Amino acid sequence: MSNTLVAYFSASGTTKKAATKVAEAAGADLYEIRPKVPYSEADLNWMDKKSRSSIEMSDKGFRPEIAGGDAHIEKYDTILIGFPIWWYVAPTIINTFLESYNFSGKKIILFATSGGSGFGNTLRELESSATGAQISEGRILNRATAEDIQKLIEEI
């Protein structure tokens, strides 16, 4: 087993594709962060202020529940965490994930997919959820080219 984990949240499948490529290139284990209640297309309509994702992202304290098993974080030294950028930051489900485990002494490298923005305030908004971890921005992997993935893996 690898001492590196690629954990990802993907609402539409784009981040899943990138995470799968990263895990393969790094020889890492792969773990999907799944919401207890899956997001529908209407939930993801960022133009609708009443959509589920809009409501969640307007409340920085909101923590969507996660479904599924245990990521066994204790087995890994390095965790790459991937997600789509929502409203210039990581979706709050990433905070839920980080707050669900003990990341003390772990190295966390973020990667994301985005429709047009960079990481924005993501690092600052996630640091308090990963107490004791060394957390850093990795790369935006919109196209997830071999070169982009290699640059991300070099940060491990």
# chains A, B, ... in the order shown; residues from 1 in each chain; ligands from 1
>>> select_by_dssp(residues="stretch 17-149 of chain A", states="strand (DSSP E or B)", output="PyMOL selection string")
chain A and resi 29-32+34-35+66-67+78-84+86+89+107-113+134-140
>>> closest_atom_pairs(of="stretch 75-131 of chain A", to="stretch 60-64 of chain A", cutoff="6 Å", atoms="only C-alpha atoms", output="JSON lines")
{"residue": "A:Thr92", "atom": "CA", "partner": "A:Arg63", "partner_atom": "CA", "distance": 5.8}
{"residue": "A:Ile93", "atom": "CA", "partner": "A:Pro64", "partner_atom": "CA", "distance": 5.4}
{"residue": "A:Thr96", "atom": "CA", "partner": "A:Arg63", "partner_atom": "CA", "distance": 5.4}
>>> closest_residue(among="A:Ile66, A:Ala42, A:Ala26, A:Ala90", to="A:Glu125", atoms="only C-alpha atoms")
A:Ala90
>>> atom_distance(atom1="atom CA of A:Ala112", atom2="atom CA of A:Pro84")
5.3 Å
>>> closest_residue(among="A:Leu123, A:Leu141, A:Ala23, A:Leu98", to="A:Asn3", atoms="only C-alpha atoms")
A:Ala23
>>> residues_around(residues="A:Tyr101", least_positions_apart="4", cutoff="9 Å", atoms="only C-alpha atoms", output="list in words")
Ala71, His72, Ile73, Glu74, Phe97 and Ala130 of chain A
>>> residues_around(residues="A:Ile33", least_positions_apart="4", cutoff="7 Å", atoms="only C-alpha atoms", output="number ranges by chain")
A: 7-9, 66
>>> write_last_selection(atoms="N, CA, C and O atoms", output="tab-separated table (two decimals), in the first residue's frame")
chain	number	residue	atom	x	y	z
A	7	ALA	N	-7.59	11.98	-2.05
A	7	ALA	CA	-9.00	12.06	-1.66
A	7	ALA	C	-9.62	13.18	-2.48
A	7	ALA	O	-9.01	14.23	-2.68
A	8	TYR	N	-10.83	12.95	-2.96
A	8	TYR	CA	-11.44	13.97	-3.82
A	8	TYR	C	-12.95	14.03	-3.62
A	8	TYR	O	-13.59	13.05	-3.24
A	9	PHE	N	-13.49	15.21	-3.89
A	9	PHE	CA	-14.93	15.42	-3.98
A	9	PHE	C	-15.19	15.90	-5.40
A	9	PHE	O	-14.51	16.81	-5.89
A	66	ILE	N	-20.99	13.60	5.33
A	66	ILE	CA	-20.29	12.72	4.40
A	66	ILE	C	-20.85	11.30	4.53
A	66	ILE	O	-21.13	10.84	5.63
>>> closest_residue(among="A:Val6, A:Ala19, A:Ile55, A:Ile94", to="A:Thr113", atoms="only C-alpha atoms")
A:Ala19
>>> atom_distance(atom1="atom CA of A:Ala11", atom2="atom CA of A:Tyr76")
24.9 Å
>>> residues_around(residues="A:Ala18", least_positions_apart="2", cutoff="12 Å", atoms="only C-alpha atoms", output="count of residues only")
37
>>> select_by_dssp(residues="stretch 11-105 of chain A", states="alpha helix (DSSP H)", output="list in words")
Thr14, Thr15, Lys16, Lys17, Ala18, Ala19, Thr20, Lys21, Val22, Ala23, Glu24, Ala25, Ala26, Arg52, Ser53, Ser54, Ile55, Glu56, Met57, Ser58, Thr92, Ile93, Ile94, Asn95, Thr96, Phe97, Leu98 and Glu99 of chain A
>>> residues_around(residues="A:Leu44", least_positions_apart="3", cutoff="10 Å", atoms="only C-alpha atoms", output="list in words")
Ala11, Ser12, Tyr39, Ser40, Glu41, Met47, Asp48, Ser51, Arg52, Ser53, Ser54 and Trp86 of chain A
>>> residues_around(residues="A:Asn121", least_positions_apart="6", cutoff="10 Å", atoms="only C-alpha atoms", output="number ranges by chain")
A: 87-90
>>> closest_residue(among="A:Val37, A:Ala67, A:Ile135, A:Ala28", to="A:Ile153", atoms="only C-alpha atoms")
A:Ala28
>>> atom_distance(atom1="atom CA of A:Leu126", atom2="atom CA of A:Asp70")
20.3 Å
>>> closest_residue(among="A:Asn95, A:Asn102, A:Asn45, A:Gln150", to="A:Arg124", atoms="only C-alpha atoms")
A:Asn95
>>> decode(residues="stretch 5-18 of chain A", atoms="all heavy atoms", output="JSON list (two decimals), in the first residue's frame")
[["chain", "number", "residue", "atom", "x", "y", "z"],
["A", 5, "LEU", "N", -2.30, 9.24, -0.25],
["A", 5, "LEU", "CA", -3.73, 9.11, -0.57],
["A", 5, "LEU", "C", -4.17, 10.29, -1.41],
["A", 5, "LEU", "O", -3.79, 11.44, -1.13],
["A", 5, "LEU", "CB", -4.55, 9.08, 0.72],
["A", 5, "LEU", "CG", -6.08, 9.04, 0.55],
["A", 5, "LEU", "CD1", -6.52, 7.71, -0.06],
["A", 5, "LEU", "CD2", -6.77, 9.28, 1.89],
["A", 6, "VAL", "N", -4.96, 10.02, -2.42],
["A", 6, "VAL", "CA", -5.65, 11.06, -3.18],
["A", 6, "VAL", "C", -7.11, 10.97, -2.78],
["A", 6, "VAL", "O", -7.78, 9.99, -3.08],
["A", 6, "VAL", "CB", -5.48, 10.90, -4.71],
["A", 6, "VAL", "CG1", -6.34, 11.93, -5.45],
["A", 6, "VAL", "CG2", -4.02, 11.01, -5.11],
["A", 7, "ALA", "N", -7.59, 11.98, -2.05],
["A", 7, "ALA", "CA", -9.00, 12.06, -1.66],
["A", 7, "ALA", "C", -9.62, 13.18, -2.48],
["A", 7, "ALA", "O", -9.01, 14.23, -2.68],
["A", 7, "ALA", "CB", -9.11, 12.36, -0.17],
["A", 8, "TYR", "N", -10.83, 12.95, -2.96],
["A", 8, "TYR", "CA", -11.44, 13.97, -3.82],
["A", 8, "TYR", "C", -12.95, 14.03, -3.62],
["A", 8, "TYR", "O", -13.59, 13.05, -3.24],
["A", 8, "TYR", "CB", -11.13, 13.70, -5.30],
["A", 8, "TYR", "CG", -11.87, 12.50, -5.83],
["A", 8, "TYR", "CD1", -13.11, 12.64, -6.46],
["A", 8, "TYR", "CD2", -11.35, 11.21, -5.68],
["A", 8, "TYR", "CE1", -13.81, 11.53, -6.91],
["A", 8, "TYR", "CE2", -12.04, 10.10, -6.14],
["A", 8, "TYR", "CZ", -13.27, 10.27, -6.76],
["A", 8, "TYR", "OH", -13.97, 9.18, -7.20],
["A", 9, "PHE", "N", -13.49, 15.21, -3.89],
["A", 9, "PHE", "CA", -14.93, 15.42, -3.98],
["A", 9, "PHE", "C", -15.19, 15.90, -5.40],
["A", 9, "PHE", "O", -14.51, 16.81, -5.89],
["A", 9, "PHE", "CB", -15.41, 16.48, -2.98],
["A", 9, "PHE", "CG", -16.78, 16.99, -3.30],
["A", 9, "PHE", "CD1", -17.90, 16.17, -3.18],
["A", 9, "PHE", "CD2", -16.97, 18.30, -3.74],
["A", 9, "PHE", "CE1", -19.17, 16.63, -3.51],
["A", 9, "PHE", "CE2", -18.23, 18.77, -4.06],
["A", 9, "PHE", "CZ", -19.33, 17.94, -3.94],
["A", 10, "SER", "N", -16.16, 15.29, -6.06],
["A", 10, "SER", "CA", -16.49, 15.66, -7.42],
["A", 10, "SER", "C", -18.00, 15.68, -7.58],
["A", 10, "SER", "O", -18.65, 14.64, -7.44],
["A", 10, "SER", "CB", -15.87, 14.67, -8.42],
["A", 10, "SER", "OG", -16.07, 15.09, -9.75],
["A", 11, "ALA", "N", -18.56, 16.83, -7.86],
["A", 11, "ALA", "CA", -20.01, 16.95, -8.01],
["A", 11, "ALA", "C", -20.47, 16.58, -9.42],
["A", 11, "ALA", "O", -21.54, 16.03, -9.60],
["A", 11, "ALA", "CB", -20.46, 18.37, -7.67],
["A", 12, "SER", "N", -19.62, 16.85, -10.41],
["A", 12, "SER", "CA", -20.04, 16.62, -11.79],
["A", 12, "SER", "C", -19.20, 15.59, -12.54],
["A", 12, "SER", "O", -19.52, 15.25, -13.67],
["A", 12, "SER", "CB", -19.98, 17.95, -12.57],
["A", 12, "SER", "OG", -18.63, 18.37, -12.68],
["A", 13, "GLY", "N", -18.13, 15.12, -11.93],
["A", 13, "GLY", "CA", -17.26, 14.13, -12.57],
["A", 13, "GLY", "C", -15.94, 14.69, -13.04],
["A", 13, "GLY", "O", -15.00, 13.94, -13.29],
["A", 14, "THR", "N", -15.82, 15.99, -13.18],
["A", 14, "THR", "CA", -14.59, 16.61, -13.67],
["A", 14, "THR", "C", -13.43, 16.38, -12.71],
["A", 14, "THR", "O", -12.34, 15.96, -13.12],
["A", 14, "THR", "CB", -14.81, 18.13, -13.90],
["A", 14, "THR", "OG1", -15.87, 18.30, -14.83],
["A", 14, "THR", "CG2", -13.55, 18.79, -14.42],
["A", 15, "THR", "N", -13.65, 16.63, -11.43],
["A", 15, "THR", "CA", -12.58, 16.45, -10.45],
["A", 15, "THR", "C", -12.25, 14.97, -10.28],
["A", 15, "THR", "O", -11.08, 14.61, -10.06],
["A", 15, "THR", "CB", -12.96, 17.09, -9.10],
["A", 15, "THR", "OG1", -13.30, 18.48, -9.32],
["A", 15, "THR", "CG2", -11.81, 17.03, -8.11],
["A", 16, "LYS", "N", -13.22, 14.10, -10.43],
["A", 16, "LYS", "CA", -12.96, 12.66, -10.35],
["A", 16, "LYS", "C", -11.97, 12.23, -11.41],
["A", 16, "LYS", "O", -11.04, 11.45, -11.14],
["A", 16, "LYS", "CB", -14.27, 11.88, -10.50],
["A", 16, "LYS", "CG", -14.08, 10.38, -10.45],
["A", 16, "LYS", "CD", -15.39, 9.63, -10.59],
["A", 16, "LYS", "CE", -15.15, 8.13, -10.47],
["A", 16, "LYS", "NZ", -16.42, 7.39, -10.44],
["A", 17, "LYS", "N", -12.14, 12.73, -12.63],
["A", 17, "LYS", "CA", -11.22, 12.38, -13.72],
["A", 17, "LYS", "C", -9.80, 12.84, -13.38],
["A", 17, "LYS", "O", -8.84, 12.08, -13.57],
["A", 17, "LYS", "CB", -11.67, 13.03, -15.03],
["A", 17, "LYS", "CG", -12.92, 12.41, -15.61],
["A", 17, "LYS", "CD", -13.37, 13.15, -16.85],
["A", 17, "LYS", "CE", -14.74, 12.67, -17.30],
["A", 17, "LYS", "NZ", -15.29, 13.49, -18.37],
["A", 18, "ALA", "N", -9.67, 14.05, -12.89],
["A", 18, "ALA", "CA", -8.35, 14.56, -12.53],
["A", 18, "ALA", "C", -7.75, 13.76, -11.38],
["A", 18, "ALA", "O", -6.57, 13.39, -11.41],
["A", 18, "ALA", "CB", -8.44, 16.05, -12.15]]
